[in-house]
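S.K.: My structure is in coords.pdb, and what it holds is PDB, C-alpha atoms:
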```pdb
ATOM      1  CA  MET M  29     -65.530 -45.972 -31.107
ATOM      2  CA  ARG M  30     -63.240 -45.779 -34.093
ATOM      3  CA  SER M  31     -65.147 -42.734 -35.309
ATOM      4  CA  PHE M  32     -64.651 -41.031 -31.947
ATOM      5  CA  CYS M  33     -60.887 -41.769 -32.006
ATOM      6  CA  ARG M  34     -60.626 -40.306 -35.453
ATOM      7  CA  VAL M  35     -62.346 -37.128 -34.290
ATOM      8  CA  VAL M  36     -60.059 -36.840 -31.257
ATOM      9  CA  PHE M  37     -56.986 -37.457 -33.414
ATOM     10  CA  ALA M  38     -58.147 -34.885 -35.930
ATOM     11  CA  LEU M  39     -58.689 -32.324 -33.172
ATOM     12  CA  LEU M  40     -55.274 -32.989 -31.654
ATOM     13  CA  LEU M  41     -53.675 -32.711 -35.066
ATOM     14  CA  LEU M  42     -55.499 -29.454 -35.698
ATOM     15  CA  LEU M  43     -54.441 -28.086 -32.330
ATOM     16  CA  SER M  44     -50.852 -29.153 -32.950
ATOM     17  CA  LEU M  45     -50.815 -27.532 -36.384
ATOM     18  CA  THR M  46     -52.422 -24.393 -34.985
ATOM     19  CA  ALA M  47     -49.886 -24.221 -32.155
ATOM     20  CA  ALA M  48     -47.023 -24.877 -34.558
ATOM     21  CA  GLY M  49     -48.293 -22.169 -36.874
ATOM     22  CA  TRP M  50     -48.736 -19.769 -33.965
ATOM     23  CA  PHE M  51     -45.164 -20.499 -32.832
ATOM     24  CA  ALA M  52     -43.686 -20.374 -36.359
ATOM     25  CA  TYR M  53     -45.430 -17.085 -37.066
ATOM     26  CA  TYR M  54     -43.734 -15.611 -33.990
ATOM     27  CA  VAL M  55     -40.307 -17.070 -34.776
ATOM     28  CA  PHE M  56     -40.154 -15.845 -38.386
ATOM     29  CA  THR M  57     -41.996 -12.514 -38.185
ATOM     30  CA  PRO M  58     -39.648  -9.470 -38.211
ATOM     31  CA  ALA M  59     -40.073  -6.744 -35.647
ATOM     32  CA  PRO M  60     -41.365  -3.455 -37.052
ATOM     33  CA  GLY M  61     -39.147  -0.450 -37.667
ATOM     34  CA  SER M  62     -35.676   0.269 -39.009
ATOM     35  CA  GLY M  63     -32.412   1.606 -37.694
ATOM     36  CA  GLU M  64     -30.753   0.507 -34.454
ATOM     37  CA  VAL M  65     -31.440   0.723 -30.742
ATOM     38  CA  VAL M  66     -28.996   0.423 -27.838
ATOM     39  CA  VAL M  67     -29.942  -2.325 -25.395
ATOM     40  CA  GLU M  68     -28.255  -3.152 -22.085
ATOM     41  CA  LEU M  69     -28.600  -6.714 -20.815
ATOM     42  CA  PRO M  70     -27.641  -6.871 -17.112
ATOM     43  CA  LYS M  71     -25.201  -9.423 -15.776
ATOM     44  CA  GLY M  72     -27.059 -12.450 -14.380
ATOM     45  CA  ALA M  73     -30.351 -11.628 -16.148
ATOM     46  CA  GLY M  74     -32.586 -14.624 -16.921
ATOM     47  CA  ILE M  75     -34.393 -15.309 -20.211
ATOM     48  CA  ARG M  76     -37.651 -13.792 -18.924
ATOM     49  CA  GLN M  77     -35.931 -10.562 -17.882
ATOM     50  CA  ILE M  78     -34.057 -10.368 -21.190
ATOM     51  CA  SER M  79     -37.300 -10.979 -23.074
ATOM     52  CA  ALA M  80     -38.911  -8.091 -21.181
ATOM     53  CA  ILE M  81     -35.994  -5.772 -21.974
ATOM     54  CA  LEU M  82     -36.005  -6.681 -25.677
ATOM     55  CA  GLY M  83     -39.773  -6.259 -25.760
ATOM     56  CA  SER M  84     -39.590  -2.805 -24.158
ATOM     57  CA  HIS M  85     -37.257  -1.716 -26.989
ATOM     58  CA  GLY M  86     -39.612  -3.005 -29.679
ATOM     59  CA  LEU M  87     -37.260  -5.782 -30.781
ATOM     60  CA  ILE M  88     -39.660  -8.666 -30.071
ATOM     61  CA  ARG M  89     -43.134  -9.341 -28.837
ATOM     62  CA  ASN M  90     -42.544 -10.261 -25.209
ATOM     63  CA  ASP M  91     -44.392 -13.509 -24.533
ATOM     64  CA  ARG M  92     -43.749 -17.155 -23.691
ATOM     65  CA  ARG M  93     -42.732 -18.000 -27.235
ATOM     66  CA  PHE M  94     -39.380 -16.244 -26.849
ATOM     67  CA  LEU M  95     -38.564 -18.395 -23.804
ATOM     68  CA  ALA M  96     -39.690 -21.498 -25.691
ATOM     69  CA  LEU M  97     -37.551 -20.554 -28.699
ATOM     70  CA  VAL M  98     -34.398 -20.063 -26.610
ATOM     71  CA  LEU M  99     -34.928 -23.377 -24.803
ATOM     72  CA  LEU M 100     -35.641 -25.157 -28.097
ATOM     73  CA  LEU M 101     -32.444 -23.830 -29.668
ATOM     74  CA  ARG M 102     -30.411 -24.861 -26.636
ATOM     75  CA  THR M 103     -31.847 -28.374 -26.921
ATOM     76  CA  ILE M 104     -31.256 -28.672 -30.661
ATOM     77  CA  GLU M 105     -27.816 -27.002 -30.767
ATOM     78  CA  ARG M 106     -26.152 -28.608 -27.780
ATOM     79  CA  THR M 107     -22.600 -28.316 -29.145
ATOM     80  CA  ASN M 108     -22.857 -24.543 -29.512
ATOM     81  CA  PRO M 109     -26.062 -23.324 -27.854
ATOM     82  CA  PRO M 110     -26.930 -19.644 -28.337
ATOM     83  CA  LYS M 111     -26.021 -17.449 -25.379
ATOM     84  CA  LEU M 112     -27.683 -14.184 -24.418
ATOM     85  CA  ARG M 113     -24.660 -12.450 -22.928
ATOM     86  CA  ALA M 114     -24.574  -9.480 -20.617
ATOM     87  CA  GLY M 115     -23.512  -6.186 -22.097
ATOM     88  CA  GLU M 116     -24.621  -3.160 -24.037
ATOM     89  CA  PHE M 117     -25.412  -3.821 -27.686
ATOM     90  CA  SER M 118     -26.411  -1.775 -30.709
ATOM     91  CA  VAL M 119     -29.187  -3.948 -32.149
ATOM     92  CA  PRO M 120     -30.830  -3.465 -35.568
ATOM     93  CA  LEU M 121     -34.612  -3.273 -35.694
ATOM     94  CA  GLY M 122     -36.508  -5.454 -38.143
ATOM     95  CA  LEU M 123     -35.049  -8.807 -37.075
ATOM     96  CA  THR M 124     -37.105 -11.917 -36.434
ATOM     97  CA  PRO M 125     -36.848 -13.399 -32.923
ATOM     98  CA  LEU M 126     -34.686 -16.194 -34.370
ATOM     99  CA  GLU M 127     -32.374 -13.695 -36.085
ATOM    100  CA  LEU M 128     -32.251 -11.600 -32.911
ATOM    101  CA  ILE M 129     -31.084 -14.561 -30.818
ATOM    102  CA  ARG M 130     -28.405 -15.363 -33.407
ATOM    103  CA  PHE M 131     -27.335 -11.715 -33.433
ATOM    104  CA  LEU M 132     -27.013 -11.464 -29.650
ATOM    105  CA  HIS M 133     -25.045 -14.710 -29.576
ATOM    106  CA  THR M 134     -22.298 -13.310 -31.825
ATOM    107  CA  ALA M 135     -22.550  -9.525 -31.387
ATOM    108  CA  LYS M 136     -19.723  -7.640 -29.745
ATOM    109  CA  PRO M 137     -20.780  -5.369 -26.866
ATOM    110  CA  ILE M 138     -20.342  -1.617 -27.201
ATOM    111  CA  GLN M 139     -16.976  -0.577 -25.785
ATOM    112  CA  HIS M 140     -16.713   2.729 -23.937
ATOM    113  CA  LYS M 141     -13.377   4.534 -23.658
ATOM    114  CA  VAL M 142     -12.415   5.921 -20.253
ATOM    115  CA  THR M 143      -9.118   7.804 -19.992
ATOM    116  CA  VAL M 144      -7.155   7.974 -16.751
ATOM    117  CA  PRO M 145      -4.429  10.679 -16.938
ATOM    118  CA  GLU M 146      -0.993  10.249 -15.368
ATOM    119  CA  GLY M 147      -0.389  11.530 -11.869
ATOM    120  CA  LEU M 148      -3.821  11.085 -10.297
ATOM    121  CA  THR M 149      -4.359   9.596  -6.852
ATOM    122  CA  MET M 150      -6.533   6.516  -6.473
ATOM    123  CA  ALA M 151      -9.270   8.746  -4.992
ATOM    124  CA  GLN M 152      -9.214  10.912  -8.116
ATOM    125  CA  ILE M 153      -9.286   7.806 -10.317
ATOM    126  CA  ALA M 154     -12.258   6.460  -8.356
ATOM    127  CA  ALA M 155     -14.013   9.776  -9.017
ATOM    128  CA  ILE M 156     -13.510   9.416 -12.791
ATOM    129  CA  PHE M 157     -15.099   5.963 -12.899
ATOM    130  CA  ALA M 158     -17.870   7.036 -10.520
ATOM    131  CA  LYS M 159     -18.703  10.067 -12.670
ATOM    132  CA  GLU M 160     -18.933   7.861 -15.764
ATOM    133  CA  GLY M 161     -21.244   5.449 -13.929
ATOM    134  CA  TRP M 162     -18.820   2.533 -13.840
ATOM    135  CA  ALA M 163     -18.120   2.361 -10.128
ATOM    136  CA  ASN M 164     -19.184   3.376  -6.674
ATOM    137  CA  HIS M 165     -16.538   5.758  -5.334
ATOM    138  CA  ALA M 166     -16.506   4.321  -1.800
ATOM    139  CA  VAL M 167     -16.485   0.697  -2.985
ATOM    140  CA  PHE M 168     -13.630   1.439  -5.407
ATOM    141  CA  LEU M 169     -11.478   2.928  -2.638
ATOM    142  CA  GLN M 170     -12.403   0.161  -0.187
ATOM    143  CA  LEU M 171     -11.156  -2.432  -2.677
ATOM    144  CA  CYS M 172      -7.962  -0.415  -3.184
ATOM    145  CA  ARG M 173      -7.226  -1.015   0.509
ATOM    146  CA  ASP M 174      -8.556  -4.575   0.760
ATOM    147  CA  LYS M 175      -5.504  -6.701   1.652
ATOM    148  CA  ALA M 176      -6.967  -9.992   0.386
ATOM    149  CA  PHE M 177      -7.993  -8.431  -2.923
ATOM    150  CA  MET M 178      -4.622  -6.711  -3.279
ATOM    151  CA  GLN M 179      -2.773  -9.964  -2.631
ATOM    152  CA  SER M 180      -4.862 -11.695  -5.294
ATOM    153  CA  LEU M 181      -3.477  -9.087  -7.714
ATOM    154  CA  GLY M 182       0.104  -9.650  -6.567
ATOM    155  CA  VAL M 183       0.447  -6.433  -4.556
ATOM    156  CA  GLU M 184       1.896  -6.378  -1.056
ATOM    157  CA  ALA M 185       1.370  -2.814   0.141
ATOM    158  CA  GLN M 186      -0.869  -0.623   2.269
ATOM    159  CA  SER M 187      -2.999   0.294  -0.744
ATOM    160  CA  LEU M 188      -3.036   0.194  -4.532
ATOM    161  CA  GLU M 189      -1.842   3.790  -4.749
ATOM    162  CA  GLY M 190       0.727   3.781  -7.549
ATOM    163  CA  TYR M 191      -0.383   0.442  -9.023
ATOM    164  CA  LEU M 192      -3.383   1.767 -10.994
ATOM    165  CA  PHE M 193      -1.779   2.333 -14.372
ATOM    166  CA  PRO M 194      -2.965   5.502 -16.164
ATOM    167  CA  GLU M 195      -4.220   4.710 -19.646
ATOM    168  CA  THR M 196      -7.336   4.677 -21.831
ATOM    169  CA  TYR M 197      -9.447   1.641 -20.983
ATOM    170  CA  SER M 198     -12.239   0.017 -23.005
ATOM    171  CA  LEU M 199     -15.151  -0.956 -20.770
ATOM    172  CA  VAL M 200     -18.317  -2.935 -21.437
ATOM    173  CA  ARG M 201     -21.593  -2.352 -19.587
ATOM    174  CA  GLY M 202     -22.629  -5.421 -17.623
ATOM    175  CA  GLU M 203     -19.067  -6.736 -17.415
ATOM    176  CA  ALA M 204     -17.034  -3.910 -15.890
ATOM    177  CA  ASP M 205     -17.396  -3.320 -12.147
ATOM    178  CA  GLU M 206     -15.052  -2.042  -9.448
ATOM    179  CA  ARG M 207     -13.150  -5.333  -9.124
ATOM    180  CA  ALA M 208     -12.788  -5.829 -12.862
ATOM    181  CA  ILE M 209     -11.642  -2.246 -13.484
ATOM    182  CA  ILE M 210      -9.064  -2.261 -10.683
ATOM    183  CA  ALA M 211      -7.754  -5.691 -11.683
ATOM    184  CA  SER M 212      -7.359  -4.512 -15.281
ATOM    185  CA  MET M 213      -5.394  -1.428 -14.201
ATOM    186  CA  VAL M 214      -3.085  -3.394 -11.909
ATOM    187  CA  ARG M 215      -2.457  -6.050 -14.580
ATOM    188  CA  ARG M 216      -1.573  -3.275 -17.008
ATOM    189  CA  PHE M 217       0.869  -1.808 -14.503
ATOM    190  CA  PHE M 218       2.715  -5.103 -14.111
ATOM    191  CA  ALA M 219       2.769  -5.600 -17.900
ATOM    192  CA  VAL M 220       4.341  -2.152 -18.427
ATOM    193  CA  TRP M 221       6.757  -2.716 -15.546
ATOM    194  CA  LYS M 222       7.888  -6.023 -17.077
ATOM    195  CA  GLU M 223       8.246  -4.383 -20.475
ATOM    196  CA  LEU M 224      10.436  -1.613 -19.041
ATOM    197  CA  ASN M 225      12.618  -4.069 -17.149
ATOM    198  CA  THR M 226      13.190  -6.306 -20.176
ATOM    199  CA  ALA M 227      13.771  -3.447 -22.641
ATOM    200  CA  ALA M 228      17.050  -2.496 -20.957
ATOM    201  CA  PRO M 229      18.735  -3.154 -17.616
ATOM    202  CA  PRO M 230      17.900  -0.722 -14.803
ATOM    203  CA  SER M 231      20.540   1.828 -13.820
ATOM    204  CA  ALA M 232      23.150   0.952 -11.197
ATOM    205  CA  GLN M 233      21.639   3.773  -9.114
ATOM    206  CA  THR M 234      18.538   1.659  -8.508
ATOM    207  CA  ALA M 235      20.488  -1.254  -7.008
ATOM    208  CA  GLY M 236      18.880  -2.643  -3.872
ATOM    209  CA  ARG M 237      15.601  -0.792  -4.392
ATOM    210  CA  SER M 238      12.373  -2.784  -4.225
ATOM    211  CA  LEU M 239       9.592  -2.435  -6.786
ATOM    212  CA  HIS M 240       7.534  -0.512  -4.221
ATOM    213  CA  GLU M 241      10.389   1.922  -3.556
ATOM    214  CA  LEU M 242      10.980   2.494  -7.261
ATOM    215  CA  LEU M 243       7.262   3.013  -7.781
ATOM    216  CA  THR M 244       7.222   5.515  -4.920
ATOM    217  CA  LEU M 245      10.061   7.447  -6.534
ATOM    218  CA  ALA M 246       8.338   7.312  -9.939
ATOM    219  CA  SER M 247       5.211   8.823  -8.392
ATOM    220  CA  ILE M 248       7.254  11.737  -7.006
ATOM    221  CA  ILE M 249       8.896  12.292 -10.398
ATOM    222  CA  GLU M 250       5.440  12.291 -12.016
ATOM    223  CA  LYS M 251       4.202  15.018  -9.663
ATOM    224  CA  GLU M 252       7.354  17.142  -9.867
ATOM    225  CA  THR M 253       7.342  17.665 -13.633
ATOM    226  CA  GLY M 254       5.200  17.159 -16.689
ATOM    227  CA  ALA M 255       8.117  17.794 -19.058
ATOM    228  CA  ASP M 256       9.375  14.638 -20.753
ATOM    229  CA  SER M 257      12.855  16.131 -21.157
ATOM    230  CA  GLU M 258      13.234  16.670 -17.399
ATOM    231  CA  ARG M 259      11.987  13.429 -15.857
ATOM    232  CA  LYS M 260      15.260  11.526 -15.928
ATOM    233  CA  THR M 261      17.199  14.579 -14.739
ATOM    234  CA  ILE M 262      14.856  15.034 -11.772
ATOM    235  CA  ALA M 263      15.165  11.313 -11.072
ATOM    236  CA  GLY M 264      18.950  11.761 -11.048
ATOM    237  CA  VAL M 265      18.630  14.629  -8.552
ATOM    238  CA  PHE M 266      16.547  12.510  -6.178
ATOM    239  CA  TYR M 267      18.952   9.568  -6.398
ATOM    240  CA  ASN M 268      21.848  11.927  -5.662
ATOM    241  CA  ARG M 269      20.001  13.145  -2.573
ATOM    242  CA  LEU M 270      19.156   9.630  -1.411
ATOM    243  CA  HIS M 271      22.733   8.412  -1.843
ATOM    244  CA  SER M 272      24.203  11.428  -0.032
ATOM    245  CA  GLY M 273      21.734  11.254   2.855
ATOM    246  CA  MET M 274      19.989  14.516   1.972
ATOM    247  CA  ARG M 275      16.248  14.780   2.462
ATOM    248  CA  LEU M 276      14.167  14.832  -0.701
ATOM    249  CA  GLN M 277      12.296  17.993   0.342
ATOM    250  CA  SER M 278       9.544  17.431  -2.202
ATOM    251  CA  ASP M 279       6.423  19.584  -1.939
ATOM    252  CA  PRO M 280       4.127  16.995  -3.612
ATOM    253  CA  THR M 281       4.978  14.332  -1.022
ATOM    254  CA  THR M 282       4.234  16.737   1.814
ATOM    255  CA  ILE M 283       0.956  17.812   0.212
ATOM    256  CA  TYR M 284      -0.104  14.171  -0.179
ATOM    257  CA  GLY M 285       0.204  13.709   3.579
ATOM    258  CA  ILE M 286      -2.052  16.675   4.378
ATOM    259  CA  LYS M 287      -5.710  15.788   4.848
ATOM    260  CA  ASP M 288      -8.044  18.127   2.929
ATOM    261  CA  PHE M 289      -5.202  20.232   1.507
ATOM    262  CA  ASN M 290      -6.526  23.704   0.637
ATOM    263  CA  GLY M 291      -3.942  24.555  -2.010
ATOM    264  CA  ASN M 292      -1.736  26.699   0.240
ATOM    265  CA  LEU M 293       1.433  24.960   1.469
ATOM    266  CA  THR M 294       2.571  26.755   4.627
ATOM    267  CA  LYS M 295       5.761  26.740   6.700
ATOM    268  CA  ALA M 296       3.812  24.900   9.408
ATOM    269  CA  ASP M 297       2.953  22.190   6.862
ATOM    270  CA  LEU M 298       6.652  21.764   6.030
ATOM    271  CA  LEU M 299       7.443  21.241   9.726
ATOM    272  CA  ALA M 300       4.522  18.912  10.502
ATOM    273  CA  ALA M 301       5.235  15.276  11.305
ATOM    274  CA  SER M 302       4.007  12.977   8.555
ATOM    275  CA  PRO M 303       5.270   9.765   6.910
ATOM    276  CA  TYR M 304       5.010  11.701   3.635
ATOM    277  CA  ASN M 305       6.698  14.953   4.709
ATOM    278  CA  THR M 306      10.106  14.617   3.084
ATOM    279  CA  TYR M 307      11.168  17.929   4.619
ATOM    280  CA  VAL M 308      11.094  16.151   7.995
ATOM    281  CA  ILE M 309      11.827  12.489   7.246
ATOM    282  CA  SER M 310      14.877  11.043   5.541
ATOM    283  CA  GLY M 311      14.636   8.778   2.514
ATOM    284  CA  LEU M 312      11.475   7.977   0.621
ATOM    285  CA  PRO M 313       7.952   8.662   1.900
ATOM    286  CA  ALA M 314       5.743   5.810   3.139
ATOM    287  CA  GLY M 315       4.525   4.939  -0.352
ATOM    288  CA  PRO M 316       3.526   6.268  -3.774
ATOM    289  CA  ILE M 317       1.765   9.634  -3.830
ATOM    290  CA  CYS M 318       0.016   9.141  -7.185
ATOM    291  CA  ASN M 319      -0.218   6.703 -10.070
ATOM    292  CA  PRO M 320       2.676   7.410 -12.447
ATOM    293  CA  GLY M 321       2.788   6.823 -16.178
ATOM    294  CA  LYS M 322       5.310   4.895 -18.245
ATOM    295  CA  ALA M 323       7.761   7.790 -18.697
ATOM    296  CA  ALA M 324       8.016   8.403 -14.944
ATOM    297  CA  LEU M 325       8.469   4.679 -14.290
ATOM    298  CA  GLU M 326      11.275   4.560 -16.825
ATOM    299  CA  ALA M 327      12.915   7.620 -15.250
ATOM    300  CA  ALA M 328      12.892   5.904 -11.857
ATOM    301  CA  LEU M 329      14.468   2.801 -13.399
ATOM    302  CA  ARG M 330      17.007   4.627 -15.560
ATOM    303  CA  PRO M 331      17.728   8.113 -14.149
ATOM    304  CA  ALA M 332      20.152  10.502 -15.818
ATOM    305  CA  ASP M 333      23.682  10.598 -14.408
ATOM    306  CA  VAL M 334      23.760  14.273 -13.416
ATOM    307  CA  PRO M 335      25.798  16.330 -10.911
ATOM    308  CA  TYR M 336      22.766  18.191  -9.568
ATOM    309  CA  SER M 337      21.298  18.018  -6.074
ATOM    310  CA  TYR M 338      18.792  20.856  -6.347
ATOM    311  CA  PHE M 339      16.121  22.215  -8.675
ATOM    312  CA  VAL M 340      13.585  25.031  -8.616
ATOM    313  CA  SER M 341      10.675  25.899 -10.881
ATOM    314  CA  ARG M 342      11.241  28.512 -13.580
ATOM    315  CA  ASN M 343       7.495  29.213 -13.441
ATOM    316  CA  ASP M 344       7.032  28.085 -17.031
ATOM    317  CA  GLY M 345       6.771  24.326 -16.530
ATOM    318  CA  SER M 346      10.538  23.798 -16.566
ATOM    319  CA  HIS M 347      13.146  23.769 -13.781
ATOM    320  CA  GLN M 348      16.537  25.278 -13.034
ATOM    321  CA  PHE M 349      19.025  22.642 -11.794
ATOM    322  CA  SER M 350      21.935  23.421  -9.464
ATOM    323  CA  ARG M 351      24.969  21.580  -8.117
ATOM    324  CA  THR M 352      25.456  23.491  -4.869
ATOM    325  CA  LEU M 353      23.207  25.079  -2.267
ATOM    326  CA  GLU M 354      24.707  28.478  -3.123
ATOM    327  CA  GLU M 355      23.723  28.086  -6.784
ATOM    328  CA  HIS M 356      20.302  26.873  -5.754
ATOM    329  CA  ASN M 357      19.673  29.806  -3.416
ATOM    330  CA  HIS M 358      20.628  32.195  -6.195
ATOM    331  CA  ALA M 359      18.192  30.450  -8.563
ATOM    332  CA  VAL M 360      15.427  30.544  -5.929
ATOM    333  CA  ARG M 361      15.894  34.295  -5.451
ATOM    334  CA  GLN M 362      15.892  34.834  -9.207
ATOM    335  CA  TYR M 363      12.728  32.914  -9.962
ATOM    336  CA  GLN M 364      10.856  33.897  -6.825
ATOM    337  CA  LYS M 365      11.504  37.525  -7.728
ATOM    338  CA  GLN M 366       9.965  36.904 -11.153
ATOM    339  CA  ARG M 367       6.781  35.646  -9.458
ATOM    340  CA  HIS M 368       6.209  38.956  -7.623
TER     341      HIS M 368
END
```
Turn this file's structure into structure tokens for me.

M.R.:
Amino acid sequence: MRSFCRVVFALLLLLSLTAAGWFAYYVFTPAPGSGEVVVELPKGAGIRQISAILGSHGLIRNDRRFLALVLLLRTIERTNPPKLRAGEFSVPLGLTPLELIRFLHTAKPIQHKVTVPEGLTMAQIAAIFAKEGWANHAVFLQLCRDKAFMQSLGVEAQSLEGYLFPETYSLVRGEADERAIIASMVRRFFAVWKELNTAAPPSAQTAGRSLHELLTLASIIEKETGADSERKTIAGVFYNRLHSGMRLQSDPTTIYGIKDFNGNLTKADLLAASPYNTYVISGLPAGPICNPGKAALEAALRPADVPYSYFVSRNDGSHQFSRTLEEHNHAVRQYQKQRH
């Protein structure tokens, strides 16, 4: 009997040593190759799925030992267990499975730069992120009109038009989706708005204006000129018109209110009823017409104190400003003649 027990014990010991060796060989054997490969680990992926992805890129041999290794490390290192995070990583070849797990635990995901220029509508912004593969265009716009989502971001409006701050954003695959991108843009808007308000007191001309009204005006300024030197002057013109009861008569606001605008603004368009047609309505349009940048926001907060009530394009990116309608009509004739 004792002889039989010794044989059984010896066999179990041999099996244990064989299994341990089989496992250790896997854990400490480097993957073949050199250089780096880009690997994307999806959000919510389990260990088995991650193992399959790493195996398909030649980083490990995809079998049960990888799962066992991860679980073993989590048991041993309870205070700081290794995490296989979602994201896109540039991973060196030639690592052992143990080294690979350590690497993925500390590696920083690849960051992609996406630039949103000033003056785009939220539909145009959605198109940028959709083209780059970061968002679904329809879902992006639906969220921009979702009242509950907007309220969670601190916005009380009909949409997020105007609140999507134009800037270059760093995005990570597996982390950035429509909600995360929009939330980041809105947070950036409020940060810039706070910065502008604390840098210097707003002009007396803005007294009584809500954030939404000032943002609406900033969006008009953004669309009216791309010249830094003119923004505050144009802001001053619009404030003069608002205070005197004149209509803003801004082409960009009217265009924004036209569905499927074909690029040709007609006399009929200028007479059409629309909450954005400032040739017909008094005061500001219903809301922002684009997403303005920092310079336009500052112009709306601190406009220039100017005597002008009119301006017309000089056809070179700049504008001619006038005090009276007579001066303005003369300037219109002058610069319209140059166009023909």

S.K.: Quick one: distance from atom CA of Asp205 of chain M to atom CA of Gln186 of chain M in Å, one decimal?

M.R.: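 Atom-to-atom, atom CA of Asp205 of chain M to atom CA of Gln186 of chain M, that is 22.1 Å.
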
S.K.: Written as a ChimeraX atom specification, which residues does the PyMOL selection byres ((chain M and resi 117) around 9) give for the file shown?

M.R.: /M:65-69,115-116,118-119,132,135-138

S.K.: Taking the file as shown, what set of residues would the PyMOL selection byres ((chain M and resi 353) around 12) give back, as a compact mmCIF listing (two decimals) with C-alpha atoms, keeping the file's coordinate frame?

M.R.:
```txt
# COMPACT_ATOMS: atom_id res chain seq x y z
CA MET M 274 19.99 14.52 1.97
CA TYR M 336 22.77 18.19 -9.57
CA SER M 337 21.30 18.02 -6.07
CA TYR M 338 18.79 20.86 -6.35
CA PHE M 339 16.12 22.22 -8.68
CA VAL M 340 13.58 25.03 -8.62
CA PHE M 349 19.02 22.64 -11.79
CA SER M 350 21.94 23.42 -9.46
CA ARG M 351 24.97 21.58 -8.12
CA THR M 352 25.46 23.49 -4.87
CA GLU M 354 24.71 28.48 -3.12
CA GLU M 355 23.72 28.09 -6.78
CA HIS M 356 20.30 26.87 -5.75
CA ASN M 357 19.67 29.81 -3.42
CA HIS M 358 20.63 32.20 -6.20
CA ALA M 359 18.19 30.45 -8.56
CA VAL M 360 15.43 30.54 -5.93
```

S.K.: Spell out the residues picked by the PyMOL selection byres ((chain M and resi 303) around 7) here, as an mmCIF file with C-alpha atoms, in the frame of the given file.

M.R.:
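Resulting contents of part.cif:
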```
data_model
loop_
_atom_site.group_PDB
_atom_site.id
_atom_site.type_symbol
_atom_site.label_atom_id
_atom_site.label_comp_id
_atom_site.auth_asym_id
_atom_site.auth_seq_id
_atom_site.Cartn_x
_atom_site.Cartn_y
_atom_site.Cartn_z
ATOM 1 C CA SER M 302 4.007 12.977 8.555
ATOM 2 C CA TYR M 304 5.010 11.701 3.635
ATOM 3 C CA ASN M 305 6.698 14.953 4.709
ATOM 4 C CA PRO M 313 7.952 8.662 1.900
ATOM 5 C CA ALA M 314 5.743 5.810 3.139
#
```

S.K.: For Gly345 of chain M, which residue out of M:Ser278, M:Gln362, M:Ser272, M:Thr253 is the nearest one, using all atoms listed in the file?

M.R.: M:Thr253

S.K.: May I ask for the distance between atom CA of Pro120 of chain M and atom CA of Ser62 of chain M, given in Å to one decimal place?

M.R.: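 Computed distance, atom CA of Pro120 of chain M to atom CA of Ser62 of chain M, equals 7.0 Å.
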
S.K.: What separation in Å, quoted to one decimal, exists between atom CA of Ile249 of chain M and atom CA of Pro320 of chain M?

M.R.: 8.2 Å

S.K.: Determine the nearest neighbour of Trp221 of chain M from the options M:Ala151, M:Leu325, M:Leu128, M:Ile317, counting all atoms listed in the file.

M.R.: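 Distance minimum relative to Trp221 of chain M lands on M:Leu325.
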
S.K.: Which residue gives the smallest distance to Lys159 of chain M among M:Lys295, M:Arg173, M:Lys222, M:Val142, with all atoms listed in the file counted?

M.R.: M:Val142

S.K.: Using only C-alpha atoms, which protein or nucleic acid residues come within 10 Å of Arg259 of chain M? Drop anything in the same chain fewer than 5 positions from it, and give the result as an NGL selection string.

M.R.: :M and (246 or 249-250 or 252-254 or 264-265 or 323-328 or 331-332)

S.K.: Taking only C-alpha atoms into account, which of M:Leu270, M:Ile129, M:Ala52, M:Met178 comes nearest Arg113 of chain M?

M.R.: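 Looking only at the distances to Arg113 of chain M, the closest residue turns out to be M:Ile129.
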
S.K.: Excluding Cys318 of chain M and its own-chain neighbours fewer than 2 positions away, which residues fall within 6 Å of it when counting only C-alpha atoms? Please give them as a ChimeraX atom specification.

M.R.: /M:147-149,190,247,316

S.K.: Go through M:His347, M:Val308, M:Leu329, M:Lys322 one by one, measure the shortest atom-to-atom distance of each to Glu258 of chain M using only C-alpha atoms, and give the residue with the smallest value.

M.R.: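 Checking each candidate against Glu258 of chain M, we get M:His347 as the closest.
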
S.K.: So which one's closest to Gln364 of chain M, M:Thr124, M:Asn343, M:Asn90, M:Gln170? Using only C-alpha atoms, please.

M.R.: M:Asn343

S.K.: Arg76 of chain M: which residues within 9 Å, counting all atoms listed in the file, same-chain residues fewer than 5 positions away excluded, as a VMD selection string?

M.R.: chain M and resid 81 90 to 92 94 to 95

S.K.: Within 9 Å of Phe218 of chain M, counting all atoms listed in the file, which residues show up once you throw out same-chain ones fewer than 5 positions away? Write them as a count of residues only, please.

M.R.: 4
